[in-house]
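Data block for target08.csv (CSV, N, CA and C atoms):
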chain,number,residue,atom,x,y,z
Z,1,MET,N,0.0,-15.5,61.0
Z,1,MET,CA,0.5,-14.8,59.8
Z,1,MET,C,1.3,-15.7,59.0
Z,2,PHE,N,1.0,-15.7,57.7
Z,2,PHE,CA,1.8,-16.5,56.7
Z,2,PHE,C,2.7,-15.5,56.0
Z,3,VAL,N,4.0,-15.9,55.9
Z,3,VAL,CA,5.0,-15.1,55.3
Z,3,VAL,C,5.6,-15.8,54.1
Z,4,ASP,N,5.7,-15.1,53.0
Z,4,ASP,CA,6.3,-15.6,51.8
Z,4,ASP,C,7.8,-15.2,51.9
Z,5,PRO,N,8.7,-16.1,52.1
Z,5,PRO,CA,10.1,-15.7,52.3
Z,5,PRO,C,10.7,-15.0,51.0
Z,6,PHE,N,10.1,-15.2,49.9
Z,6,PHE,CA,10.6,-14.6,48.6
Z,6,PHE,C,9.9,-13.3,48.3
Z,7,ASP,N,9.0,-12.8,49.1
Z,7,ASP,CA,8.3,-11.5,48.9
Z,7,ASP,C,9.0,-10.5,49.8
Z,8,CYS,N,9.8,-9.7,49.3
Z,8,CYS,CA,10.6,-8.7,50.1
Z,8,CYS,C,9.7,-7.6,50.6
Z,9,ASP,N,8.6,-7.3,49.9
Z,9,ASP,CA,7.7,-6.2,50.4
Z,9,ASP,C,6.8,-6.6,51.5
Z,10,GLN,N,6.7,-7.9,51.8
Z,10,GLN,CA,5.8,-8.4,52.8
Z,10,GLN,C,6.4,-8.1,54.2
Z,11,LYS,N,5.5,-7.7,55.1
Z,11,LYS,CA,6.0,-7.3,56.4
Z,11,LYS,C,6.5,-8.6,57.1
Z,12,GLN,N,7.7,-8.6,57.6
Z,12,GLN,CA,8.2,-9.8,58.4
Z,12,GLN,C,7.8,-9.6,59.8
Z,13,PRO,N,7.4,-10.8,60.5
Z,13,PRO,CA,7.1,-10.7,61.9
Z,13,PRO,C,8.2,-10.2,62.8
Z,14,SER,N,7.9,-9.4,63.8
Z,14,SER,CA,9.0,-9.0,64.7
Z,14,SER,C,9.2,-10.1,65.7
Z,15,THR,N,10.3,-10.1,66.4
Z,15,THR,CA,10.6,-11.1,67.4
Z,15,THR,C,9.6,-11.0,68.5
Z,16,GLN,N,9.0,-9.9,68.8
Z,16,GLN,CA,8.0,-9.8,69.8
Z,16,GLN,C,6.7,-10.5,69.5
Z,17,GLU,N,6.4,-10.7,68.2
Z,17,GLU,CA,5.2,-11.4,67.8
Z,17,GLU,C,5.4,-12.9,67.7
Z,18,THR,N,6.6,-13.4,67.8
Z,18,THR,CA,6.9,-14.8,67.6
Z,18,THR,C,6.8,-15.6,68.9
Z,19,ASN,N,6.1,-16.7,68.8
Z,19,ASN,CA,5.9,-17.6,69.9
Z,19,ASN,C,6.9,-18.7,69.6
Z,20,TYR,N,8.1,-18.7,70.3
Z,20,TYR,CA,9.1,-19.7,70.1
Z,20,TYR,C,8.7,-21.0,70.8
Z,21,VAL,N,9.1,-22.1,70.3
Z,21,VAL,CA,9.0,-23.4,71.0
Z,21,VAL,C,10.4,-23.9,71.2
Z,22,GLU,N,10.6,-24.7,72.2
Z,22,GLU,CA,11.9,-25.3,72.5
Z,22,GLU,C,12.1,-26.4,71.5
Z,23,PHE,N,13.4,-26.7,71.2
Z,23,PHE,CA,13.7,-27.8,70.3
Z,23,PHE,C,13.2,-29.1,70.8
Z,24,SER,N,13.3,-29.3,72.1
Z,24,SER,CA,12.8,-30.5,72.7
Z,24,SER,C,11.3,-30.7,72.5
Z,25,ASP,N,10.5,-29.6,72.4
Z,25,ASP,CA,9.1,-29.8,72.1
Z,25,ASP,C,8.9,-30.2,70.7
Z,26,LEU,N,9.7,-29.7,69.7
Z,26,LEU,CA,9.6,-30.1,68.3
Z,26,LEU,C,10.0,-31.5,68.1
Z,27,GLN,N,10.9,-32.0,68.9
Z,27,GLN,CA,11.3,-33.4,68.8
Z,27,GLN,C,10.2,-34.4,69.2
Z,28,LYS,N,9.2,-33.9,69.9
Z,28,LYS,CA,8.1,-34.8,70.3
Z,28,LYS,C,7.1,-35.1,69.2
Z,29,ILE,N,7.1,-34.3,68.1
Z,29,ILE,CA,6.2,-34.5,67.0
Z,29,ILE,C,6.7,-35.5,66.1
Z,30,ASP,N,5.9,-36.5,65.8
Z,30,ASP,CA,6.2,-37.6,64.9
Z,30,ASP,C,5.5,-37.4,63.6
Z,31,ILE,N,6.3,-37.0,62.6
Z,31,ILE,CA,5.8,-36.8,61.2
Z,31,ILE,C,6.2,-37.9,60.3
Z,32,ARG,N,5.3,-38.5,59.6
Z,32,ARG,CA,5.6,-39.6,58.7
Z,32,ARG,C,5.0,-39.4,57.4
Z,33,VAL,N,5.5,-40.0,56.4
Z,33,VAL,CA,5.0,-40.1,55.1
Z,33,VAL,C,3.8,-41.0,55.1
Z,34,GLY,N,2.7,-40.6,54.6
Z,34,GLY,CA,1.5,-41.5,54.5
Z,34,GLY,C,1.0,-41.5,53.1
Z,35,VAL,N,0.3,-42.6,52.7
Z,35,VAL,CA,-0.2,-42.8,51.4
Z,35,VAL,C,-1.7,-42.9,51.6
Z,36,ILE,N,-2.5,-42.0,50.9
Z,36,ILE,CA,-3.9,-42.0,51.0
Z,36,ILE,C,-4.5,-43.2,50.2
Z,37,LEU,N,-5.2,-44.1,50.9
Z,37,LEU,CA,-5.7,-45.3,50.2
Z,37,LEU,C,-7.2,-45.0,49.8
Z,38,THR,N,-8.0,-44.3,50.7
Z,38,THR,CA,-9.4,-44.0,50.3
Z,38,THR,C,-9.7,-42.7,50.9
Z,39,ALA,N,-10.7,-42.1,50.2
Z,39,ALA,CA,-11.2,-40.8,50.7
Z,39,ALA,C,-12.7,-40.8,50.5
Z,40,GLU,N,-13.5,-40.4,51.5
Z,40,GLU,CA,-14.9,-40.3,51.4
Z,40,GLU,C,-15.5,-39.1,52.1
Z,41,ASP,N,-16.6,-38.7,51.6
Z,41,ASP,CA,-17.4,-37.6,52.1
Z,41,ASP,C,-17.9,-37.9,53.5
Z,42,ILE,N,-17.9,-36.9,54.4
Z,42,ILE,CA,-18.6,-37.1,55.7
Z,42,ILE,C,-19.9,-36.3,55.5
Z,43,PRO,N,-21.1,-37.0,55.5
Z,43,PRO,CA,-22.4,-36.4,55.2
Z,43,PRO,C,-22.6,-35.2,56.2
Z,44,ASN,N,-23.2,-34.2,55.6
Z,44,ASN,CA,-23.6,-33.0,56.3
Z,44,ASN,C,-22.5,-32.2,56.9
Z,45,LYS,N,-21.3,-32.4,56.4
Z,45,LYS,CA,-20.1,-31.6,56.9
Z,45,LYS,C,-19.5,-31.0,55.6
Z,46,ASP,N,-19.6,-29.6,55.6
Z,46,ASP,CA,-19.2,-28.9,54.4
Z,46,ASP,C,-17.7,-29.1,54.0
Z,47,ASN,N,-16.8,-29.3,54.9
Z,47,ASN,CA,-15.4,-29.3,54.5
Z,47,ASN,C,-14.7,-30.5,55.0
Z,48,LEU,N,-15.3,-31.5,55.6
Z,48,LEU,CA,-14.6,-32.6,56.1
Z,48,LEU,C,-14.6,-33.8,55.2
Z,49,VAL,N,-13.4,-34.5,55.2
Z,49,VAL,CA,-13.2,-35.7,54.4
Z,49,VAL,C,-12.7,-36.8,55.3
Z,50,LYS,N,-13.2,-38.0,55.2
Z,50,LYS,CA,-12.6,-39.1,55.9
Z,50,LYS,C,-11.6,-39.9,55.0
Z,51,LEU,N,-10.4,-40.0,55.5
Z,51,LEU,CA,-9.3,-40.6,54.7
Z,51,LEU,C,-8.8,-41.9,55.5
Z,52,GLU,N,-8.4,-42.9,54.7
Z,52,GLU,CA,-7.7,-44.0,55.2
Z,52,GLU,C,-6.3,-43.8,54.7
Z,53,VAL,N,-5.3,-43.7,55.6
Z,53,VAL,CA,-3.9,-43.4,55.2
Z,53,VAL,C,-3.0,-44.5,55.7
Z,54,ASP,N,-2.2,-45.1,54.8
Z,54,ASP,CA,-1.2,-46.1,55.1
Z,54,ASP,C,0.0,-45.4,55.6
Z,55,LEU,N,0.4,-45.7,56.9
Z,55,LEU,CA,1.6,-45.2,57.5
Z,55,LEU,C,2.7,-46.2,57.7
Z,56,GLY,N,2.7,-47.2,56.8
Z,56,GLY,CA,3.8,-48.2,56.9
Z,56,GLY,C,3.7,-49.0,58.1
Z,57,GLU,N,4.8,-49.1,58.9
Z,57,GLU,CA,4.8,-49.9,60.1
Z,57,GLU,C,3.8,-49.5,61.2
Z,58,LEU,N,3.3,-48.2,61.1
Z,58,LEU,CA,2.3,-47.8,62.0
Z,58,LEU,C,0.9,-48.2,61.6
Z,59,GLY,N,0.7,-48.8,60.5
Z,59,GLY,CA,-0.5,-49.3,60.0
Z,59,GLY,C,-1.4,-48.3,59.3
Z,60,VAL,N,-2.6,-48.7,59.0
Z,60,VAL,CA,-3.5,-47.8,58.3
Z,60,VAL,C,-4.4,-47.0,59.4
Z,61,ARG,N,-4.5,-45.7,59.2
Z,61,ARG,CA,-5.2,-44.9,60.1
Z,61,ARG,C,-6.3,-44.1,59.4
Z,62,THR,N,-7.4,-43.9,60.2
Z,62,THR,CA,-8.4,-43.0,59.7
Z,62,THR,C,-8.1,-41.6,60.2
Z,63,ILE,N,-8.1,-40.7,59.2
Z,63,ILE,CA,-7.8,-39.3,59.5
Z,63,ILE,C,-8.9,-38.4,58.9
Z,64,VAL,N,-9.4,-37.5,59.7
Z,64,VAL,CA,-10.4,-36.6,59.2
Z,64,VAL,C,-9.7,-35.3,58.9
Z,65,ALA,N,-9.9,-34.7,57.7
Z,65,ALA,CA,-9.3,-33.5,57.2
Z,65,ALA,C,-10.3,-32.5,56.7
Z,66,GLY,N,-10.1,-31.3,57.0
Z,66,GLY,CA,-10.9,-30.2,56.5
Z,66,GLY,C,-10.4,-29.7,55.2
Z,67,ILE,N,-10.5,-30.5,54.1
Z,67,ILE,CA,-9.9,-30.2,52.8
Z,67,ILE,C,-10.9,-30.3,51.7
Z,68,LYS,N,-12.2,-30.6,52.0
Z,68,LYS,CA,-13.2,-30.9,50.9
Z,68,LYS,C,-13.4,-29.7,50.0
Z,69,LYS,N,-13.3,-28.5,50.5
Z,69,LYS,CA,-13.5,-27.3,49.6
Z,69,LYS,C,-12.3,-27.1,48.6
Z,70,GLN,N,-11.2,-27.7,49.0
Z,70,GLN,CA,-10.0,-27.5,48.2
Z,70,GLN,C,-9.7,-28.6,47.2
Z,71,TYR,N,-10.1,-29.8,47.6
Z,71,TYR,CA,-9.7,-31.0,46.8
Z,71,TYR,C,-11.0,-31.9,46.5
Z,72,HIS,N,-11.1,-32.3,45.3
Z,72,HIS,CA,-12.1,-33.3,44.9
Z,72,HIS,C,-11.8,-34.6,45.5
Z,73,ILE,N,-12.8,-35.2,46.2
Z,73,ILE,CA,-12.5,-36.4,46.9
Z,73,ILE,C,-11.9,-37.5,46.0
Z,74,GLN,N,-12.4,-37.6,44.8
Z,74,GLN,CA,-11.9,-38.7,43.9
Z,74,GLN,C,-10.5,-38.4,43.5
Z,75,ASN,N,-10.0,-37.2,43.6
Z,75,ASN,CA,-8.6,-36.9,43.2
Z,75,ASN,C,-7.6,-37.1,44.4
Z,76,LEU,N,-8.1,-37.2,45.6
Z,76,LEU,CA,-7.2,-37.4,46.8
Z,76,LEU,C,-6.4,-38.7,46.7
Z,77,VAL,N,-7.1,-39.7,46.2
Z,77,VAL,CA,-6.4,-41.0,46.2
Z,77,VAL,C,-5.4,-41.1,45.0
Z,78,ARG,N,-5.4,-40.0,44.2
Z,78,ARG,CA,-4.4,-39.9,43.1
Z,78,ARG,C,-3.5,-38.7,43.3
Z,79,TYR,N,-3.7,-38.0,44.5
Z,79,TYR,CA,-2.9,-36.9,44.7
Z,79,TYR,C,-1.4,-37.2,44.6
Z,80,PRO,N,-0.6,-36.3,44.0
Z,80,PRO,CA,0.8,-36.7,43.6
Z,80,PRO,C,1.3,-37.9,44.3
Z,81,THR,N,1.1,-39.0,43.7
Z,81,THR,CA,1.5,-40.4,44.2
Z,81,THR,C,0.8,-40.7,45.5
Z,82,ASN,N,-0.2,-39.9,45.9
Z,82,ASN,CA,-0.9,-40.1,47.2
Z,82,ASN,C,-0.1,-39.9,48.4
Z,83,SER,N,1.1,-39.5,48.3
Z,83,SER,CA,1.9,-39.4,49.5
Z,83,SER,C,1.8,-38.0,50.2
Z,84,VAL,N,1.4,-38.0,51.5
Z,84,VAL,CA,1.2,-36.8,52.2
Z,84,VAL,C,2.0,-36.8,53.5
Z,85,LEU,N,2.2,-35.7,54.2
Z,85,LEU,CA,2.9,-35.7,55.5
Z,85,LEU,C,1.9,-35.7,56.5
Z,86,VAL,N,2.1,-36.5,57.6
Z,86,VAL,CA,1.1,-36.7,58.6
Z,86,VAL,C,1.7,-36.6,60.0
Z,87,VAL,N,1.1,-35.8,60.9
Z,87,VAL,CA,1.5,-35.9,62.3
Z,87,VAL,C,0.8,-37.1,62.9
Z,88,THR,N,1.6,-38.1,63.3
Z,88,THR,CA,1.0,-39.3,63.8
Z,88,THR,C,0.8,-39.5,65.3
Z,89,ASN,N,1.3,-38.6,66.1
Z,89,ASN,CA,1.2,-38.8,67.5
Z,89,ASN,C,0.3,-37.7,68.2
Z,90,LEU,N,-0.6,-37.2,67.4
Z,90,LEU,CA,-1.7,-36.3,68.1
Z,90,LEU,C,-2.6,-37.2,68.8
Z,91,LYS,N,-3.2,-36.7,69.9
Z,91,LYS,CA,-4.2,-37.5,70.7
Z,91,LYS,C,-5.4,-37.6,69.8
Z,92,PRO,N,-5.9,-38.9,69.6
Z,92,PRO,CA,-7.1,-39.1,68.7
Z,92,PRO,C,-8.3,-38.3,69.2
Z,93,ARG,N,-9.1,-37.8,68.3
Z,93,ARG,CA,-10.2,-37.0,68.7
Z,93,ARG,C,-11.3,-37.2,67.6
Z,94,LYS,N,-12.5,-37.0,68.0
Z,94,LYS,CA,-13.7,-37.1,67.2
Z,94,LYS,C,-13.9,-35.8,66.4
Z,95,ILE,N,-13.9,-35.9,65.1
Z,95,ILE,CA,-14.2,-34.7,64.3
Z,95,ILE,C,-15.3,-35.1,63.3
Z,96,GLY,N,-16.4,-34.3,63.3
Z,96,GLY,CA,-17.5,-34.6,62.4
Z,96,GLY,C,-18.1,-36.0,62.7
Z,97,GLY,N,-18.0,-36.4,63.9
Z,97,GLY,CA,-18.6,-37.7,64.3
Z,97,GLY,C,-17.7,-38.9,63.9
Z,98,VAL,N,-16.5,-38.7,63.5
Z,98,VAL,CA,-15.6,-39.7,63.1
Z,98,VAL,C,-14.3,-39.6,63.9
Z,99,MET,N,-13.8,-40.7,64.5
Z,99,MET,CA,-12.5,-40.6,65.2
Z,99,MET,C,-11.3,-40.4,64.3
Z,100,SER,N,-10.6,-39.4,64.5
Z,100,SER,CA,-9.4,-39.1,63.7
Z,100,SER,C,-8.1,-39.4,64.4
Z,101,ASN,N,-7.2,-40.1,63.8
Z,101,ASN,CA,-6.0,-40.5,64.4
Z,101,ASN,C,-4.7,-40.0,63.7
Z,102,GLY,N,-4.7,-38.6,63.5
Z,102,GLY,CA,-3.6,-38.0,62.9
Z,102,GLY,C,-4.0,-36.7,62.3
Z,103,MET,N,-3.1,-36.0,61.7
Z,103,MET,CA,-3.4,-34.7,61.0
Z,103,MET,C,-2.5,-34.5,59.8
Z,104,LEU,N,-3.1,-34.2,58.6
Z,104,LEU,CA,-2.3,-33.9,57.4
Z,104,LEU,C,-1.7,-32.6,57.6
Z,105,LEU,N,-0.5,-32.4,57.0
Z,105,LEU,CA,0.2,-31.1,57.0
Z,105,LEU,C,-0.1,-30.4,55.7
Z,106,ALA,N,-0.4,-29.1,55.8
Z,106,ALA,CA,-0.7,-28.3,54.6
Z,106,ALA,C,-0.3,-26.9,54.8
Z,107,ALA,N,-0.2,-26.1,53.8
Z,107,ALA,CA,0.1,-24.7,53.9
Z,107,ALA,C,-0.7,-23.9,52.9
Z,108,LEU,N,-1.0,-22.7,53.3
Z,108,LEU,CA,-1.7,-21.7,52.5
Z,108,LEU,C,-0.7,-21.0,51.6
Z,109,ASP,N,-0.9,-20.9,50.3
Z,109,ASP,CA,0.0,-20.1,49.5
Z,109,ASP,C,-0.4,-18.6,49.5
Z,110,SER,N,0.2,-17.8,48.7
Z,110,SER,CA,0.0,-16.3,48.7
Z,110,SER,C,-1.4,-16.0,48.2
Z,111,SER,N,-2.1,-16.9,47.5
Z,111,SER,CA,-3.4,-16.7,47.0
Z,111,SER,C,-4.4,-17.4,47.9
Z,112,ASN,N,-4.0,-17.8,49.1
Z,112,ASN,CA,-4.9,-18.4,50.1
Z,112,ASN,C,-5.4,-19.7,49.6
Z,113,THR,N,-4.6,-20.4,48.8
Z,113,THR,CA,-5.0,-21.8,48.4
Z,113,THR,C,-4.3,-22.8,49.3
Z,114,LEU,N,-5.0,-23.8,49.8
Z,114,LEU,CA,-4.5,-24.8,50.6
Z,114,LEU,C,-3.8,-25.8,49.8
Z,115,ASN,N,-2.5,-26.1,50.2
Z,115,ASN,CA,-1.7,-27.2,49.5
Z,115,ASN,C,-1.2,-28.2,50.5
Z,116,LEU,N,-1.6,-29.4,50.2
Z,116,LEU,CA,-1.1,-30.5,51.1
Z,116,LEU,C,0.4,-30.7,50.9
Z,117,ALA,N,1.1,-30.9,52.0
Z,117,ALA,CA,2.5,-31.2,52.0
Z,117,ALA,C,2.7,-32.6,51.5
Z,118,THR,N,3.5,-32.8,50.5
Z,118,THR,CA,3.7,-34.1,49.9
Z,118,THR,C,5.1,-34.5,49.9
Z,119,CYS,N,5.3,-35.8,49.7
Z,119,CYS,CA,6.7,-36.4,49.5
Z,119,CYS,C,6.5,-37.5,48.4
Z,120,ARG,N,6.9,-37.1,47.2
Z,120,ARG,CA,6.7,-38.1,46.1
Z,120,ARG,C,7.6,-39.3,46.1
Z,121,THR,N,8.7,-39.2,46.7
Z,121,THR,CA,9.7,-40.3,46.4
Z,121,THR,C,9.9,-41.2,47.7
Z,122,LEU,N,9.2,-40.9,48.8
Z,122,LEU,CA,9.4,-41.7,50.0
Z,122,LEU,C,8.3,-42.7,50.2
Z,123,ILE,N,8.6,-43.8,50.8
Z,123,ILE,CA,7.5,-44.8,51.0
Z,123,ILE,C,6.8,-44.5,52.3
Z,124,ALA,N,5.6,-45.1,52.4
Z,124,ALA,CA,4.7,-45.0,53.6
Z,124,ALA,C,5.5,-45.3,54.9
Z,125,GLY,N,5.3,-44.5,55.9
Z,125,GLY,CA,5.9,-44.8,57.2
Z,125,GLY,C,7.3,-44.1,57.4
Z,126,THR,N,7.9,-43.6,56.3
Z,126,THR,CA,9.1,-42.9,56.4
Z,126,THR,C,9.0,-41.8,57.4
Z,127,LYS,N,9.9,-41.7,58.4
Z,127,LYS,CA,9.9,-40.7,59.4
Z,127,LYS,C,10.6,-39.4,58.9
Z,128,VAL,N,9.9,-38.3,59.1
Z,128,VAL,CA,10.4,-37.0,58.7
Z,128,VAL,C,11.1,-36.3,59.9
Z,129,SER,N,12.3,-35.8,59.7
Z,129,SER,CA,13.0,-35.1,60.8
Z,129,SER,C,13.5,-33.8,60.4
Could you rewrite the structure in this file as structure tokens?
Amino acid sequence: MFVDPFDCDQKQPSTQETNYVEFSDLQKIDIRVGVILTAEDIPNKDNLVKLEVDLGELGVRTIVAGIKKQYHIQNLVRYPTNSVLVVTNLKPRKIGGVMSNGMLLAALDSSNTLNLATCRTLIAGTKVS
């Protein structure tokens, strides 16, 4: 359930519906600023895009993202300064026939539009905490 904190009429989740995680679990997640260098279509996949993302000291990683329906591929390398937030320590897995080494962070807004989480002023590889 997505909740708009500024919408007072929207039903807030009760404590019983919430799956809490321990702070120590959250500390395991490595989120970094990444800069999209290239974006290309994955043939025969309706929503998948193959990205090359610069993560600074972690190097350049291939990340497969399900964002083709929301973003034109040619615009991704110009996405607000190309800086996105990336979970860098997920176990690599094959998606659409391509090995993916991370996950972009995004959120759905109230109109169900997917928005990539961005950081316009930070350099590639900056750790988010």
Which of Z:Gly34, Z:Leu85, Z:Glu17, Z:Ile29 sits closest to Glu57 in chain Z [using only C-alpha atoms]: Z:Gly34
DSSP helix (DSSP H, G or I) selection over range 24-74 of chain Z, as a PyMOL selection string: chain Z and resi 24-26+56-58+73-74
Selection as a list in words: residues within 12 Å of (2.7, -31.2, 53.8), counting only C-alpha atoms: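 Here is the list of nearby residues: Ile31, Arg32, Val33, Gly34, Pro80, Asn82, Ser83, Val84, Leu85, Val86, Val87, Met103, Leu104, Leu105, Ala106, Ala107, Leu108, Leu114, Asn115, Leu116, Ala117, Thr118, Cys119, Arg120 and Val128 of chain Z.
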Nearest to Ala65 in chain Z by atom-to-atom distance, counting only C-alpha atoms, from Z:Thr38, Z:Asn19, Z:Ser110, Z:Ser100: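 Result for the nearest residue to Ala65 in chain Z: Z:Ser100.
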Counting only C-alpha atoms, the option among Z:Thr126, Z:Val35, Z:Gly102, Z:Thr62 closest to Leu90 in chain Z: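 Going through Z:Thr126, Z:Val35, Z:Gly102, Z:Thr62 one by one, the smallest distance to Leu90 in chain Z is for Z:Gly102.
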Sel. within 5 Å of pt (-15.4, -32.2, 51.7), counting all atoms listed in the file, output as number ranges by chain: Z: 46-49, 67-69
For range 49-64 of chain Z, supply N, CA, C and O atoms and format the output as an mmCIF file, in the coordinates of the input.
data_model
loop_
_atom_site.group_PDB
_atom_site.id
_atom_site.type_symbol
_atom_site.label_atom_id
_atom_site.label_comp_id
_atom_site.auth_asym_id
_atom_site.auth_seq_id
_atom_site.Cartn_x
_atom_site.Cartn_y
_atom_site.Cartn_z
ATOM 1 N N VAL Z 49 -13.400 -34.500 55.200
ATOM 2 C CA VAL Z 49 -13.200 -35.700 54.400
ATOM 3 C C VAL Z 49 -12.700 -36.800 55.300
ATOM 4 O O VAL Z 49 -11.766 -36.483 56.109
ATOM 5 N N LYS Z 50 -13.200 -38.000 55.200
ATOM 6 C CA LYS Z 50 -12.600 -39.100 55.900
ATOM 7 C C LYS Z 50 -11.600 -39.900 55.000
ATOM 8 O O LYS Z 50 -11.952 -40.280 53.928
ATOM 9 N N LEU Z 51 -10.400 -40.000 55.500
ATOM 10 C CA LEU Z 51 -9.300 -40.600 54.700
ATOM 11 C C LEU Z 51 -8.800 -41.900 55.500
ATOM 12 O O LEU Z 51 -8.778 -41.905 56.690
ATOM 13 N N GLU Z 52 -8.400 -42.900 54.700
ATOM 14 C CA GLU Z 52 -7.700 -44.000 55.200
ATOM 15 C C GLU Z 52 -6.300 -43.800 54.700
ATOM 16 O O GLU Z 52 -6.085 -43.757 53.461
ATOM 17 N N VAL Z 53 -5.300 -43.700 55.600
ATOM 18 C CA VAL Z 53 -3.900 -43.400 55.200
ATOM 19 C C VAL Z 53 -3.000 -44.500 55.700
ATOM 20 O O VAL Z 53 -3.000 -44.872 56.878
ATOM 21 N N ASP Z 54 -2.200 -45.100 54.800
ATOM 22 C CA ASP Z 54 -1.200 -46.100 55.100
ATOM 23 C C ASP Z 54 0.000 -45.400 55.600
ATOM 24 O O ASP Z 54 0.610 -44.554 54.944
ATOM 25 N N LEU Z 55 0.400 -45.700 56.900
ATOM 26 C CA LEU Z 55 1.600 -45.200 57.500
ATOM 27 C C LEU Z 55 2.700 -46.200 57.700
ATOM 28 O O LEU Z 55 3.441 -46.147 58.661
ATOM 29 N N GLY Z 56 2.700 -47.200 56.800
ATOM 30 C CA GLY Z 56 3.800 -48.200 56.900
ATOM 31 C C GLY Z 56 3.700 -49.000 58.100
ATOM 32 O O GLY Z 56 2.625 -49.550 58.455
ATOM 33 N N GLU Z 57 4.800 -49.100 58.900
ATOM 34 C CA GLU Z 57 4.800 -49.900 60.100
ATOM 35 C C GLU Z 57 3.800 -49.500 61.200
ATOM 36 O O GLU Z 57 3.473 -50.230 62.077
ATOM 37 N N LEU Z 58 3.300 -48.200 61.100
ATOM 38 C CA LEU Z 58 2.300 -47.800 62.000
ATOM 39 C C LEU Z 58 0.900 -48.200 61.600
ATOM 40 O O LEU Z 58 -0.081 -48.025 62.384
ATOM 41 N N GLY Z 59 0.700 -48.800 60.500
ATOM 42 C CA GLY Z 59 -0.500 -49.300 60.000
ATOM 43 C C GLY Z 59 -1.400 -48.300 59.300
ATOM 44 O O GLY Z 59 -0.906 -47.210 58.943
ATOM 45 N N VAL Z 60 -2.600 -48.700 59.000
ATOM 46 C CA VAL Z 60 -3.500 -47.800 58.300
ATOM 47 C C VAL Z 60 -4.400 -47.000 59.400
ATOM 48 O O VAL Z 60 -4.849 -47.623 60.307
ATOM 49 N N ARG Z 61 -4.500 -45.700 59.200
ATOM 50 C CA ARG Z 61 -5.200 -44.900 60.100
ATOM 51 C C ARG Z 61 -6.300 -44.100 59.400
ATOM 52 O O ARG Z 61 -6.154 -43.708 58.268
ATOM 53 N N THR Z 62 -7.400 -43.900 60.200
ATOM 54 C CA THR Z 62 -8.400 -43.000 59.700
ATOM 55 C C THR Z 62 -8.100 -41.600 60.200
ATOM 56 O O THR Z 62 -7.731 -41.339 61.322
ATOM 57 N N ILE Z 63 -8.100 -40.700 59.200
ATOM 58 C CA ILE Z 63 -7.800 -39.300 59.500
ATOM 59 C C ILE Z 63 -8.900 -38.400 58.900
ATOM 60 O O ILE Z 63 -9.246 -38.592 57.710
ATOM 61 N N VAL Z 64 -9.400 -37.500 59.700
ATOM 62 C CA VAL Z 64 -10.400 -36.600 59.200
ATOM 63 C C VAL Z 64 -9.700 -35.300 58.900
ATOM 64 O O VAL Z 64 -8.970 -34.745 59.718
#
